[in-house]
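Chemist: Right, I'll just put the structure down here and ask away after.
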Amino acid sequence: MLRFIFGRLAVLIPTFIGVSIIAFSFIRLLPGDPVMLLSGERVMAPERHAQIMAELGLDRPMYVQYFDYLTGLLQGDFGRSIISKRPVIDDFMTLFPATMELAICAIILAVCLGIPAGVVAAVKRGTWLDQTIMGTALVGYSMPIFWWGLLLIIFFSGTLGWTPVSGRISFLYFFPPVTGFMLIDSLLSGQKGAFGSAVSHMILPTIVLATIPLAVIARQTRSAMLEVLSEDYVRTARSKGMSPFRIIGVHALRNAMIPVITTIGLQIGVLLGGAILTESIFSWPGIGKWMVDSVFKRDYAVVQGGLMMITLVIMFVNLIVDLLYGWANPRIRR
Amino acid sequence: MKKLSTLLAATAVVTLMAGSAWSKTLVYCSEGSPEGFDSALYTAGTTFDASSRTVYNRLVEFKKGSTEIEPGLAASWEMSADGTQYTFKLRPGVKFQTTDFFTPTRELNADDVIFSFERQYKADNPWNKYVAGATYEYFSGMGFPELIKSIEKVDDLTVKFVLNKSEAPFLANLGMDFASIYSKEYADKLQADGKMEMMNQQPLGTGPYTFVAYQADAAIRYKANPDYWGGKQKIDDLVFAITTDAAVRAQKLKAGECHIMPYPNAADVSELQKDETLTVLKEEGLNVSYLAYNTLVAPFDKPEVRKALNMAVNKQAIVDAVFQGAATVAKNPIPPTMWSYNDAVEDDKYDPEAAKKALEAAGVSNLKMKIWAMPVSRPYMLNARRAAELMQADLAKIGVEVEIVSYEWAEYLKLSSDKARDGAVILGWTGDNGDPDNFLDTLLGCTAVGGNNRAQWCNKEFDDLVKKAKLTPDQAERTKLYQQAQLVFKKEAPWNTIDHSLVFMPMNKKVSGYVQDPLGIHRFDGVDIAE
């Protein structure tokens with residue numbers, strides 16, 4: 001198992017370097033530069049533009065800038081935002097818990113509903129139940145997130161008034177962040193009603209963000225289950241008179257879970273991607289919104305630093321998934 | 001003992017309840033996150049709303065709802081006869097805010113004023129580069145580095161600005177955000193503690209509200225400054241709830257999660273107006289949108305060609321289609337709310353037949369041209385592509401073939417300044433300080449060719465008028481010069497002036513005392529909210 005872990009870790013190093021090159025060059029390939037955008041319609045004199053570019057070190061040859069950046073990265077320095085002038089790592093650490101909290105809630109919702117839905121659809125294959133579940137999943141999968149989010153806000157917050165429109169907690173509550181996770185911090189604050197407010201703010205964004213992963217997981221679970229249910233050993237178990245619950249729950253599901261775990265792991269990337277839109281709609285102060293703003297402002301340091309950190313997170317999650325995979329399927333450990 | 005604890009608990013509950021009943025909170029759904037809190041470093045209105053207009057003051061202030069200036073931290077001022085020296089008498093007894101992070105020991109004095117300006121241009125000032133990449137865009141954009149010769153302390157409450165030349169808009173410029181006055185005492189403490197960058201994160205000034213906390217990308221909290229020289233504000237707590245999506249802002253306002261919001265979607269305005277709990281203020285914005293021909297390239301170098309093209313475009317149709325009526329057709333390069341606006345100017349009337357003849361008379365036939373459409377929505381032009389399409393259809397009627405081009409925004413800004421640019425460009429401007437010079441010379445002066453002057457238009461008659469006005473201290477005299485300049489502009493037609501947009505400000509009916517600002521600032525001094 002240790003060799004397996006080290007093998008996986010070794011693959012991460014070239015991935016990390018590759019991503020650092022992509023992150024570095026991607027934002028620079030876009031036309032325009034941060035200094036020009038800073039001045040907007042007001043044209044900056046070319047001399048002044050050159051002077052500021054030089055002060056920011058952006059006039060140096062690309063490879064010099066890259067190696068400078070890579071050296072910084074290896075020392076844990078992700079650079080400083082050109083706009084806010086704050087260290088990128090500070091902003092990331094402030095905003096990431098919000099994204100993480102939302103992603104965790106969304107993945108829990110997607111797994112808790114997606115797997116049972118997929119199992120039911122597989123077991124009841126071809127019935128109206130199967131068709132309803134899979135039809136709903138298809139709709140969920142195809143739903144434009146932005147439209148879906150606004151629709152939920154208009155209906156549940158606007159018309160019914162059941163949930164808050166946006167934000168993480170009511171403005172009535174204010175406490176300094178401890179963990180950055182609002183659900184935990186609101187409990188720690190000891191303020192009455194704060195936790196309830198945080199939960200109510202969580203509902204709609206979680207549903208919106210979970211929609212696509214839920215659909216994907218349900219579909220994947222269904223097809224994996226169908227395959228497993230047609231295996232000989234399941235038929236044998238049935239013929240032995242084993243209870244259907246035990247066959248499905250213990251024998252079939254564990255084997256069907258292998259591709260499902262992979263799918264769930266892949267959804268982490270989707271969640272971080274979906275977070276960009278979900279965060280924009282729900283004014284959720286996470287890294288998705290932060291990154292998009294930075295791309296528009298050509299804040300090189302934030303875009304490349306942010307991308308690197310997101311990559312690290314995804315790589316870490318993938319590593320965990322690989323390990324889980326090894327646990328679920330001992331054959332691949334070799 | 002039990003009785004005592006019951007009594008104490010009851011007292012605590014009553015105090016808490018009383019506290020919440022008396023504490024007035026106003027929630028403003030702001031449109032974005034501030035870039036930082038040191039307004040001199042930035043150029044975005046979102047940043048100014050959150051910093052300079054809440055926490056800070058300036059020597060002079062714009063009167064609420066107007067572009068006229070009035071005394072701010074300077075109680076009075078005198079200008080020398082030649083207009084090169086301004087002596088400001090500071091308001092005595094002005095206190096800086098007391099916060100969790102700093103307690104001032106002295107009141108505002110001349111050192112604070114000198115510090116606030118010198119840090120922006122003296123390279124040897126330790127605060128000039130206190131954060132990596134610090135630049136002072138407005139300070140340099142308004143020409144202050146060349147303008148200011150020295151700033152001198154006459155006594156504790158008197159400061160003298162010595163200028164290199166007379167500059168009529170100088171006082172108006174001092175009302176701008178970059179000219180906010182900072183506490184030197186606070187700066188010294190931050191420097192001594194090695195925490196200089198906190199200047200951009202924990203602002204401290206003399207303004208109506210004291211900064212409490214910023215939760216990144218989520219909310220900014222302020223409380224009323226009890227020591228404010230203009231009197232304590234009626235609301236106790238001010239919250240900026242950052243909500244970037246305009247449709248979501250509107251929903252939050254309707255749901256009562258915030259009390260006031262800027263920049264609604266044009267499509268949402270009528271629905272907000274119908275809501276009985278809301279009021280929607282509206283005002284003409286201090287902006288203009290235009291189509292700038294490249295007057296250096298034939299045949300657009302001929303005024304008669306430009307005028308003919310202007311006559312072919314139905315601007316009212318653009319206003320109706322793009323703004324759904326939330327704009328007015330522009331005839332001058334400055335908006336009607338600005339002093340010196342010349343209402344006597346006659347616009348080139350929409351008349352395709354006459355346009356066609358005028359074009360033939362100018363000897364132009366089979367004209368093919370490009371129109372540049374901005375890729376982004378700006379307050380003065382919500383949808384440039386749509387506007388360009390309407391122009392394309394109009395111009396086709398007089399036999400002009402139009403190709404619409406667009407570039408990514410940063411590229412667009414850069415390429416549109418190029419003197420050799422092929423095509424007419426749609427762009428616009430929002431005023432900085434309410435001075436006509438900020439439109440006429442900045443956008444149309446000869447010195448701006450290759451820069452802000454997208455028409456690349458250098459007309460001696462026009463340029464002489466605006467340059468003279470800039471050196472003339474008397475406003476009545478300046479008004480005459482600018483009105484004349486507008487006539488020259490219309491005669492020469494370097495632009496087709498498109499529109500001045502309306503600015504809407506929806507708010508809960510409980511909010512009172514909010515006045516829309518022609519400069520597009522959102523300020524909350526004097527605002528109240530009913531229980």
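By order in the structure tokens, chains are A, B, ...; within a chain, residues start at 1; ligands start at 1, following the order shown.
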For a quick test of understanding: name the residues of chain B lying within 9 Å of chain A when counting only C-alpha atoms, and present them as JSON, numbers by chain.

Modeler: {"B": [25, 27, 34, 35, 36, 42, 43, 44, 131, 132, 133, 134, 135, 137, 138, 141, 197, 200, 213, 215, 216, 217, 218, 219, 239, 241, 242, 243, 244, 245, 247, 248, 249, 251, 252, 254, 255, 257, 408, 409, 410, 411, 412, 413, 414, 417, 427, 428, 429, 442, 448, 451, 452]}

Chemist: Write the residues you've just listed into a file as a tab-separated table (two decimals), in the first residue's frame, and include C-alpha atoms for each of them.

Modeler:
```tsv
chain	number	residue	atom	x	y	z
B	25	THR	CA	-29.18	49.20	10.60
B	27	VAL	CA	-28.16	47.41	4.49
B	34	PRO	CA	-13.74	47.11	-2.98
B	35	GLU	CA	-10.25	46.62	-4.35
B	36	GLY	CA	-8.90	47.96	-1.08
B	42	TYR	CA	-7.74	52.99	-7.03
B	43	THR	CA	-10.10	54.32	-9.68
B	44	ALA	CA	-13.30	52.30	-9.22
B	131	VAL	CA	2.49	48.20	-0.72
B	132	ALA	CA	4.06	46.50	-3.72
B	133	GLY	CA	2.89	48.08	-6.95
B	134	ALA	CA	1.22	51.08	-5.30
B	135	THR	CA	0.33	53.71	-7.90
B	137	GLU	CA	-3.79	56.76	-10.83
B	138	TYR	CA	-6.16	59.64	-10.20
B	141	GLY	CA	-4.44	61.30	-14.17
B	197	GLU	CA	-0.18	47.66	4.55
B	200	ASN	CA	-5.26	49.65	2.78
B	213	ALA	CA	-14.82	44.91	9.52
B	215	GLN	CA	-15.55	40.03	5.33
B	216	ALA	CA	-13.91	39.43	1.95
B	217	ASP	CA	-16.36	39.42	-0.95
B	218	ALA	CA	-19.29	39.16	1.49
B	219	ALA	CA	-19.90	42.27	3.55
B	239	VAL	CA	-23.73	47.20	6.14
B	241	ALA	CA	-23.87	43.36	1.49
B	242	ILE	CA	-21.83	42.57	-1.60
B	243	THR	CA	-24.14	41.18	-4.27
B	244	THR	CA	-22.65	41.17	-7.74
B	245	ASP	CA	-25.61	39.95	-9.75
B	247	ALA	CA	-31.13	40.33	-10.65
B	248	VAL	CA	-30.20	38.90	-7.25
B	249	ARG	CA	-29.79	42.41	-5.81
B	251	GLN	CA	-34.63	39.99	-5.30
B	252	LYS	CA	-32.83	40.84	-2.06
B	254	LYS	CA	-37.82	42.89	-2.62
B	255	ALA	CA	-37.34	40.31	0.12
B	257	GLU	CA	-32.72	41.60	2.90
B	408	GLU	CA	-11.77	41.89	-25.97
B	409	TRP	CA	-12.17	44.88	-23.59
B	410	ALA	CA	-8.53	45.56	-22.73
B	411	GLU	CA	-7.61	45.24	-26.38
B	412	TYR	CA	-10.51	47.44	-27.37
B	413	LEU	CA	-9.39	50.22	-25.05
B	414	LYS	CA	-5.87	50.05	-26.39
B	417	SER	CA	-6.69	54.98	-29.11
B	427	LEU	CA	-17.32	54.37	-26.30
B	428	GLY	CA	-18.31	56.73	-23.51
B	429	TRP	CA	-17.29	58.55	-20.38
B	442	THR	CA	-9.95	65.30	-21.55
B	448	ALA	CA	-5.50	63.84	-25.86
B	451	GLY	CA	-5.09	58.81	-26.02
B	452	ASN	CA	-8.54	59.67	-24.66
```

Chemist: List the neighbours of range 310-316 of chain B out to 7 Å using only C-alpha atoms; skip same-chain residues closer than 4 positions along the sequence, and give me the result as a list in words.

Modeler: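 In the requested format, the answer is Arg306, Asp320, Val329, Asp348, Lys349, Tyr350, Asp351, Pro352, Ala355, Met391, Asp394, Leu395, Asn496 and Ile498 of chain B.
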
Chemist: Quick one: of A:Gly326, A:Gly306, A:Pro97, A:Pro213, who's nearest to Val19 in chain A, counting only C-alpha atoms?

Modeler: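 When distances to Val19 in chain A are compared using only C-alpha atoms, the smallest one comes from A:Gly306.
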
Chemist: Could you check the closest approach to Leu163 in chain B for each of B:Gly231, B:Gly83, B:Gly143, B:Gly363 and tell me which residue wins, using only C-alpha atoms?

Modeler: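 Distance minimum relative to Leu163 in chain B lands on B:Gly83.
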
Chemist: Would you mind writing down, as a VMD selection string, each residue of range 112-263 of chain A that DSSP on the backbone assigns to helix (DSSP H, G or I)?

Modeler: chain A and resid 112 to 123 128 to 142 145 to 159 182 to 189 194 to 229 232 to 239 244 to 263

Chemist: In Å, with one decimal, what is the gap from CA of Val270 in chain A to CA of Ile104 in chain A?

Modeler: 12.6 Å
